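Working notes for the structure below.
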Amino acid sequence: MGQSFSWLSPSPIPSLHTVETSLRLNVKTADRLERSESLSLHQFLQSRCPSLFAPFFPAWWLNSGHLQTFYCVFGDFSQIDKVVYDRTLIRLRDGGTLGLDSTPPARARVLSDDAPIVVVMHGLTGGSHESYVRAVLAQAVKPKEEGGLGYRGIVVNFRGCAGVPLTSGQLYSAGHTDDLRQALMYISQRYPKAPLLGLAFSLGANVIIRYLAEEGEHSRLRAGCTLGCPWDLVLNSSRIEENFFLRNVYSKGMGSNLTNLMKRNAPAILKLPENRITPLMPELYSLKSPTLLDFDSRITRNVGGSSPPFPFTTAWAYYEWASSHRCLGDVRVPLLAMNAADDPMVRHLPLDVGDNGRVALIVTAGGGHLGWFESVGGRCVRRWVTRPVIEWLRAVGEDLESGPSHILQITEVDGWTTEVGREGLGFKILGDEGEIKGIEGEGGLFAGL
């Protein structure tokens, strides 16, 4: 299942891919009075997200997918979209650690207990500091009286990313969803009245789609929004690895990021008791200018998640398992996915949206990988994609009426907070780490990937 493509008409109007079904969403009327209406997802988008039906013109000097992507990586975003977070560390039952960064910080202002929460998953080796994360959260958490949504944002930083310590012999991957699952347990317990809205980028987008499909009606997320999802990891990875330029620029850039991330965590890894990562470190250090496939062949396929299903026999077997395009049919909450047709790293997209009336795929002609920069005069740019994402978050956070809850009950087992029936998972709160500034990234890593 899943249609793919390698080129689309370069119309400035984004193309919308949905399917006609009898499924309808119950939403508040546009005047937000005590009335509701039933709309298809297509109608919901037309009435609530007008930016998706207006032209997007990439900045004139960033007029290709490569230039958009390069600017996302090398542009200076330190003076815009400044976000300050409060960091909380939680220990997972397998010994791993996640860093949850919440904004606005407690000292800035107090939000109501039922304020919607945007739960963010970042890209391959990113974190809450990434410019693409801040571009949305800066607007989402801004007070309503200042033109924002007045929401709370919580970024789930992967193990070992963004200064989060690596405390077990397991990493993260495009297919492993239990870390997100346990983070959502924590968020739900801390803010039981707040609706949770998923927002994810690149690798994180793949994770959140797989989570939504696996959870079905049990999802703790009321809705999802993804940007730059890699979808079919086999076809998109094959295209990159078989092309000299793509392999030497993008694949080696991502492979370098992952390798440097591991090397930064090496002192902590070597202090761990017997684990799955330590025996792999000598081979990692022997790699010279590794591609993403090189790294995944040696590291991710072995320790990118819990066992089973890890380890996989090859990186390609891992890619086949982790791909998200085949599971769209199982998603049971509204999902808006956005990709650019000129994304250098993602060209094969599920245009059939899994034959699921809850899923919409928006494809823009330009934008690159997580770019979508438009001109605001001279060489000044802004991310066009922020507007439709904010419109979507407002719509699903305030207008969407949720049905009966099928969320699993949270319970305590042997000092661990978990869900009924999932006692193998769970978390403990390690403590609050204080405030961190969202513009402070990690040296030695390319941003924006």
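The way I read the labels, and the way they are meant: chains A, B, ... in the order of the structure tokens, residue 1 as the first residue of every chain, and ligand 1 as the first ligand shown, with later ones counted on from there.
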What parts of range 120-309 of chain A does DSSP call alpha helix (DSSP H)? I'd like the answer as a ChimeraX atom specification. /A:131-140,178-190,203-215,233-241,244-246,252-264,266-270,281-286,292-295,301-303
Would you mind exporting C-alpha atoms of the selected residues as a PDB file, in the first residue's frame?
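Generated file (result.pdb):
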ATOM      1  CA  SER A 131      15.289  26.570  14.594  1.00  0.00           C
ATOM      2  CA  TYR A 132      12.441  24.619  12.988  1.00  0.00           C
ATOM      3  CA  VAL A 133      11.120  23.677  16.450  1.00  0.00           C
ATOM      4  CA  ARG A 134      11.390  27.227  17.799  1.00  0.00           C
ATOM      5  CA  ALA A 135       9.739  28.725  14.705  1.00  0.00           C
ATOM      6  CA  VAL A 136       6.476  27.014  15.658  1.00  0.00           C
ATOM      7  CA  LEU A 137       6.708  26.982  19.447  1.00  0.00           C
ATOM      8  CA  ALA A 138       7.551  30.692  19.694  1.00  0.00           C
ATOM      9  CA  GLN A 139       4.146  31.419  18.150  1.00  0.00           C
ATOM     10  CA  ALA A 140       2.229  28.595  19.807  1.00  0.00           C
ATOM     11  CA  ASP A 178       8.161   3.359  23.417  1.00  0.00           C
ATOM     12  CA  ASP A 179      10.186   6.431  24.430  1.00  0.00           C
ATOM     13  CA  LEU A 180       7.426   8.702  23.109  1.00  0.00           C
ATOM     14  CA  ARG A 181       4.836   6.452  24.748  1.00  0.00           C
ATOM     15  CA  GLN A 182       6.501   6.824  28.151  1.00  0.00           C
ATOM     16  CA  ALA A 183       7.012  10.569  27.725  1.00  0.00           C
ATOM     17  CA  LEU A 184       3.292  10.924  27.052  1.00  0.00           C
ATOM     18  CA  MET A 185       2.546   8.988  30.241  1.00  0.00           C
ATOM     19  CA  TYR A 186       4.538  11.582  32.167  1.00  0.00           C
ATOM     20  CA  ILE A 187       2.897  14.547  30.403  1.00  0.00           C
ATOM     21  CA  SER A 188      -0.588  13.091  30.887  1.00  0.00           C
ATOM     22  CA  GLN A 189       0.028  12.496  34.566  1.00  0.00           C
ATOM     23  CA  ARG A 190       1.397  16.004  35.115  1.00  0.00           C
ATOM     24  CA  LEU A 203      12.811  11.314  11.944  1.00  0.00           C
ATOM     25  CA  GLY A 204      10.548  12.394  14.805  1.00  0.00           C
ATOM     26  CA  ALA A 205       7.689  12.596  12.301  1.00  0.00           C
ATOM     27  CA  ASN A 206       8.197   8.956  11.407  1.00  0.00           C
ATOM     28  CA  VAL A 207       8.141   8.028  15.098  1.00  0.00           C
ATOM     29  CA  ILE A 208       4.948   9.916  15.857  1.00  0.00           C
ATOM     30  CA  ILE A 209       3.092   8.456  12.861  1.00  0.00           C
ATOM     31  CA  ARG A 210       4.053   4.957  13.914  1.00  0.00           C
ATOM     32  CA  TYR A 211       2.925   5.751  17.461  1.00  0.00           C
ATOM     33  CA  LEU A 212      -0.476   6.987  16.242  1.00  0.00           C
ATOM     34  CA  ALA A 213      -0.923   3.853  14.124  1.00  0.00           C
ATOM     35  CA  GLU A 214       0.144   1.481  16.893  1.00  0.00           C
ATOM     36  CA  GLU A 215      -2.057   3.135  19.521  1.00  0.00           C
ATOM     37  CA  LEU A 233      12.889   4.475   4.403  1.00  0.00           C
ATOM     38  CA  VAL A 234      13.886   1.813   1.904  1.00  0.00           C
ATOM     39  CA  LEU A 235      13.128   3.762  -1.270  1.00  0.00           C
ATOM     40  CA  ASN A 236      14.242   7.139   0.046  1.00  0.00           C
ATOM     41  CA  SER A 237      17.462   5.713   1.496  1.00  0.00           C
ATOM     42  CA  SER A 238      18.190   3.812  -1.721  1.00  0.00           C
ATOM     43  CA  ARG A 239      17.822   6.993  -3.750  1.00  0.00           C
ATOM     44  CA  ILE A 240      20.281   8.845  -1.495  1.00  0.00           C
ATOM     45  CA  GLU A 241      22.872   6.073  -1.330  1.00  0.00           C
ATOM     46  CA  PHE A 244      27.007  10.423  -5.681  1.00  0.00           C
ATOM     47  CA  PHE A 245      26.033  13.962  -4.654  1.00  0.00           C
ATOM     48  CA  LEU A 246      23.257  12.984  -2.258  1.00  0.00           C
ATOM     49  CA  LYS A 252      27.562  11.762   5.113  1.00  0.00           C
ATOM     50  CA  GLY A 253      26.203  14.828   6.902  1.00  0.00           C
ATOM     51  CA  MET A 254      23.686  12.704   8.786  1.00  0.00           C
ATOM     52  CA  GLY A 255      26.214   9.929   9.389  1.00  0.00           C
ATOM     53  CA  SER A 256      28.688  12.475  10.758  1.00  0.00           C
ATOM     54  CA  ASN A 257      26.062  13.898  13.106  1.00  0.00           C
ATOM     55  CA  LEU A 258      25.200  10.498  14.529  1.00  0.00           C
ATOM     56  CA  THR A 259      28.847   9.482  14.882  1.00  0.00           C
ATOM     57  CA  ASN A 260      29.760  12.719  16.671  1.00  0.00           C
ATOM     58  CA  LEU A 261      26.730  12.317  18.926  1.00  0.00           C
ATOM     59  CA  MET A 262      27.953   8.888  19.950  1.00  0.00           C
ATOM     60  CA  LYS A 263      31.512  10.103  20.481  1.00  0.00           C
ATOM     61  CA  ARG A 264      30.249  12.912  22.692  1.00  0.00           C
ATOM     62  CA  ALA A 266      31.361   7.847  24.756  1.00  0.00           C
ATOM     63  CA  PRO A 267      32.672   8.616  28.292  1.00  0.00           C
ATOM     64  CA  ALA A 268      29.221   7.867  29.735  1.00  0.00           C
ATOM     65  CA  ILE A 269      28.808   4.759  27.574  1.00  0.00           C
ATOM     66  CA  LEU A 270      32.107   3.290  28.700  1.00  0.00           C
ATOM     67  CA  MET A 281      32.261   1.524  19.891  1.00  0.00           C
ATOM     68  CA  PRO A 282      35.613   0.349  18.423  1.00  0.00           C
ATOM     69  CA  GLU A 283      34.008  -0.209  15.026  1.00  0.00           C
ATOM     70  CA  LEU A 284      32.319   3.193  15.252  1.00  0.00           C
ATOM     71  CA  TYR A 285      35.665   4.890  15.881  1.00  0.00           C
ATOM     72  CA  SER A 286      37.155   3.114  12.878  1.00  0.00           C
ATOM     73  CA  LEU A 292      23.958   7.294   7.315  1.00  0.00           C
ATOM     74  CA  LEU A 293      23.842   3.742   5.946  1.00  0.00           C
ATOM     75  CA  ASP A 294      27.285   3.031   7.460  1.00  0.00           C
ATOM     76  CA  PHE A 295      26.078   4.166  10.880  1.00  0.00           C
ATOM     77  CA  ARG A 301      20.092  -1.819  13.456  1.00  0.00           C
ATOM     78  CA  ASN A 302      21.568  -3.273  16.647  1.00  0.00           C
ATOM     79  CA  VAL A 303      20.627  -0.823  19.414  1.00  0.00           C
TER      80      VAL A 303
END
For range 341-354 of chain A, please output as a VMD selection string all residues within 8 Å (counting only C-alpha atoms; exclusion window: fewer than 5 positions along the same chain). chain A and resid 1 to 8 17 to 19 64 to 66 69 228 to 232 235 to 237 240 246 250 325 to 329 359 to 361 363 to 369
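Restricting the calculation to only C-alpha atoms, the smallest distance between Pro55 in chain A and any of A:Gly99, A:Gly148, A:Pro388, A:Gly127 is found for A:Pro388.
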Length of the CA of Gly378 in chain A to CA of Asp76 in chain A vector [Å]: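 That distance, rounded to one decimal, is 15.8 Å.
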Hey, what's within 7 Å of range 80-91 of chain A if we count only C-alpha atoms and toss same-chain stuff fewer than 5 positions away? As a PyMOL selection string, please? chain A and resi 96-105+134-135+138+427-439
Print the selection's residues with C-alpha atoms to a file, as a PDB file, in the first residue's frame.
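The resulting part28.pdb:
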ATOM      1  CA  GLY A  96      17.400   5.193  29.557  1.00  0.00           C
ATOM      2  CA  THR A  97      16.859   8.910  30.129  1.00  0.00           C
ATOM      3  CA  LEU A  98      14.673  11.416  28.295  1.00  0.00           C
ATOM      4  CA  GLY A  99      14.835  15.201  28.547  1.00  0.00           C
ATOM      5  CA  LEU A 100      11.467  16.967  28.443  1.00  0.00           C
ATOM      6  CA  ASP A 101      11.758  20.695  27.755  1.00  0.00           C
ATOM      7  CA  SER A 102       8.669  22.746  28.632  1.00  0.00           C
ATOM      8  CA  THR A 103       7.851  26.286  27.539  1.00  0.00           C
ATOM      9  CA  PRO A 104       6.894  28.861  28.708  1.00  0.00           C
ATOM     10  CA  PRO A 105       9.081  28.383  31.786  1.00  0.00           C
ATOM     11  CA  ARG A 134      11.390  27.227  17.799  1.00  0.00           C
ATOM     12  CA  ALA A 135       9.739  28.725  14.705  1.00  0.00           C
ATOM     13  CA  ALA A 138       7.551  30.692  19.694  1.00  0.00           C
ATOM     14  CA  PHE A 427       9.188   6.152  34.249  1.00  0.00           C
ATOM     15  CA  LYS A 428      10.490   7.863  37.353  1.00  0.00           C
ATOM     16  CA  ILE A 429      11.111  11.593  37.616  1.00  0.00           C
ATOM     17  CA  LEU A 430      14.799  12.311  38.133  1.00  0.00           C
ATOM     18  CA  GLY A 431      14.245  16.016  38.749  1.00  0.00           C
ATOM     19  CA  ASP A 432      14.108  19.457  37.215  1.00  0.00           C
ATOM     20  CA  GLU A 433      17.289  20.732  35.600  1.00  0.00           C
ATOM     21  CA  GLY A 434      16.275  24.391  35.553  1.00  0.00           C
ATOM     22  CA  GLU A 435      15.987  26.716  32.574  1.00  0.00           C
ATOM     23  CA  ILE A 436      17.762  26.229  29.271  1.00  0.00           C
ATOM     24  CA  LYS A 437      17.851  28.614  26.331  1.00  0.00           C
ATOM     25  CA  GLY A 438      16.474  27.165  23.138  1.00  0.00           C
ATOM     26  CA  ILE A 439      19.132  28.706  20.870  1.00  0.00           C
TER      27      ILE A 439
END
Compare A:Pro116, A:Gly304, A:Gly95, A:Pro311 by their minimum atom-to-atom distance to Leu272 in chain A, counting only C-alpha atoms, and give me the closest one.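 Nearest candidate to Leu272 in chain A out of A:Pro116, A:Gly304, A:Gly95, A:Pro311: A:Gly95.
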Spatial neighbours of Leu23 in chain A, 9 Å, only C-alpha atoms, chain gap at least 3 places, as a PDB file with all heavy atoms, in the first residue's frame:
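Heads up, here's the output in result15.pdb:
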ATOM      1  N   GLU A  20     -12.007  10.531  -0.041  1.00  0.00           N
ATOM      2  CA  GLU A  20     -13.407  10.744   0.308  1.00  0.00           C
ATOM      3  C   GLU A  20     -13.958   9.507   0.999  1.00  0.00           C
ATOM      4  O   GLU A  20     -13.982   8.423   0.431  1.00  0.00           O
ATOM      5  CB  GLU A  20     -14.227  11.056  -0.945  1.00  0.00           C
ATOM      6  CG  GLU A  20     -14.181  12.520  -1.346  1.00  0.00           C
ATOM      7  CD  GLU A  20     -14.718  13.453  -0.275  1.00  0.00           C
ATOM      8  OE1 GLU A  20     -15.713  13.091   0.392  1.00  0.00           O
ATOM      9  OE2 GLU A  20     -14.128  14.524  -0.072  1.00  0.00           O
ATOM     10  N   LEU A  39     -17.737  17.698   9.687  1.00  0.00           N
ATOM     11  CA  LEU A  39     -16.976  18.048   8.491  1.00  0.00           C
ATOM     12  C   LEU A  39     -16.035  16.919   8.123  1.00  0.00           C
ATOM     13  O   LEU A  39     -15.499  16.219   8.985  1.00  0.00           O
ATOM     14  CB  LEU A  39     -16.148  19.317   8.732  1.00  0.00           C
ATOM     15  CG  LEU A  39     -16.887  20.600   9.111  1.00  0.00           C
ATOM     16  CD1 LEU A  39     -15.878  21.707   9.389  1.00  0.00           C
ATOM     17  CD2 LEU A  39     -17.857  21.014   8.023  1.00  0.00           C
ATOM     18  N   SER A  40     -15.820  16.746   6.821  1.00  0.00           N
ATOM     19  CA  SER A  40     -14.739  15.866   6.383  1.00  0.00           C
ATOM     20  C   SER A  40     -13.419  16.561   6.702  1.00  0.00           C
ATOM     21  O   SER A  40     -13.378  17.767   6.970  1.00  0.00           O
ATOM     22  CB  SER A  40     -14.839  15.610   4.876  1.00  0.00           C
ATOM     23  OG  SER A  40     -14.567  16.804   4.152  1.00  0.00           O
ATOM     24  N   LEU A  41     -12.332  15.821   6.684  1.00  0.00           N
ATOM     25  CA  LEU A  41     -11.036  16.422   6.967  1.00  0.00           C
ATOM     26  C   LEU A  41     -10.713  17.505   5.941  1.00  0.00           C
ATOM     27  O   LEU A  41     -10.154  18.559   6.276  1.00  0.00           O
ATOM     28  CB  LEU A  41      -9.944  15.353   6.979  1.00  0.00           C
ATOM     29  CG  LEU A  41      -8.528  15.832   7.331  1.00  0.00           C
ATOM     30  CD1 LEU A  41      -8.508  16.562   8.671  1.00  0.00           C
ATOM     31  CD2 LEU A  41      -7.557  14.662   7.343  1.00  0.00           C
ATOM     32  N   GLY A 357      -9.525   8.442   5.856  1.00  0.00           N
ATOM     33  CA  GLY A 357     -10.177   9.744   5.876  1.00  0.00           C
ATOM     34  C   GLY A 357      -9.721  10.657   6.995  1.00  0.00           C
ATOM     35  O   GLY A 357     -10.112  11.830   7.033  1.00  0.00           O
ATOM     36  N   ARG A 358      -8.905  10.144   7.903  1.00  0.00           N
ATOM     37  CA  ARG A 358      -8.382  10.975   8.992  1.00  0.00           C
ATOM     38  C   ARG A 358      -7.046  11.607   8.639  1.00  0.00           C
ATOM     39  O   ARG A 358      -6.500  12.382   9.436  1.00  0.00           O
ATOM     40  CB  ARG A 358      -8.211  10.132  10.260  1.00  0.00           C
ATOM     41  CG  ARG A 358      -9.498   9.554  10.821  1.00  0.00           C
ATOM     42  CD  ARG A 358      -9.216   8.674  12.016  1.00  0.00           C
ATOM     43  NE  ARG A 358     -10.434   8.119  12.606  1.00  0.00           N
ATOM     44  CZ  ARG A 358     -11.032   7.013  12.189  1.00  0.00           C
ATOM     45  NH1 ARG A 358     -10.522   6.340  11.157  1.00  0.00           N
ATOM     46  NH2 ARG A 358     -12.122   6.575  12.768  1.00  0.00           N
TER      47      ARG A 358
END
Could you go through range 55-176 of chain A and tell me which residues DSSP, when run on the backbone, assigns to strand (DSSP E), listing them as a ChimeraX atom specification? /A:84-92,97-103,117-121,152-157
Select, from A:Arg35, A:His122, A:His176, A:Arg383, the residue with the minimum atom-to-atom distance to Ile154 in chain A, counting only C-alpha atoms.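 Distance minimum relative to Ile154 in chain A lands on A:His122.
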At a cut-off of 8 Å, using only C-alpha atoms, what residues contact Glu217 in chain A? Leave out same-chain residues fewer than 6 positions from it and give the result as a PDB file with N, CA and C atoms, in the first residue's frame.
ATOM      1  N   ARG A 332      -6.002   6.769  13.975  1.00  0.00           N
ATOM      2  CA  ARG A 332      -7.388   6.989  14.388  1.00  0.00           C
ATOM      3  C   ARG A 332      -7.662   8.398  14.910  1.00  0.00           C
ATOM      4  N   VAL A 333      -6.720   9.324  14.707  1.00  0.00           N
ATOM      5  CA  VAL A 333      -6.938  10.732  15.053  1.00  0.00           C
ATOM      6  C   VAL A 333      -6.564  11.567  13.837  1.00  0.00           C
ATOM      7  N   SER A 405     -13.165   8.561  25.434  1.00  0.00           N
ATOM      8  CA  SER A 405     -11.753   8.272  25.668  1.00  0.00           C
ATOM      9  C   SER A 405     -11.507   6.773  25.809  1.00  0.00           C
ATOM     10  N   HIS A 406     -10.488   6.283  25.105  1.00  0.00           N
ATOM     11  CA  HIS A 406     -10.065   4.888  25.237  1.00  0.00           C
ATOM     12  C   HIS A 406      -8.620   4.808  25.745  1.00  0.00           C
ATOM     13  N   ILE A 407      -8.160   5.914  26.332  1.00  0.00           N
ATOM     14  CA  ILE A 407      -6.783   5.978  26.813  1.00  0.00           C
ATOM     15  C   ILE A 407      -6.605   5.034  28.003  1.00  0.00           C
TER      16      ILE A 407
END
Counting only C-alpha atoms, figure out which residue out of A:Thr226, A:Asn356, A:Gln43, A:Ser375 gets nearest to Phe56 in chain A.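 For Phe56 in chain A, the nearest of the given residues is A:Ser375.
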At what distance in Å, to one decimal, does CA of Ile390 in chain A lie from CA of Gly123 in chain A?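 Separation of CA of Gly123 in chain A and CA of Ile390 in chain A: 19.2 Å.
What separates CA of Val141 in chain A from CA of Ile362 in chain A is a distance of 24.4 Å.
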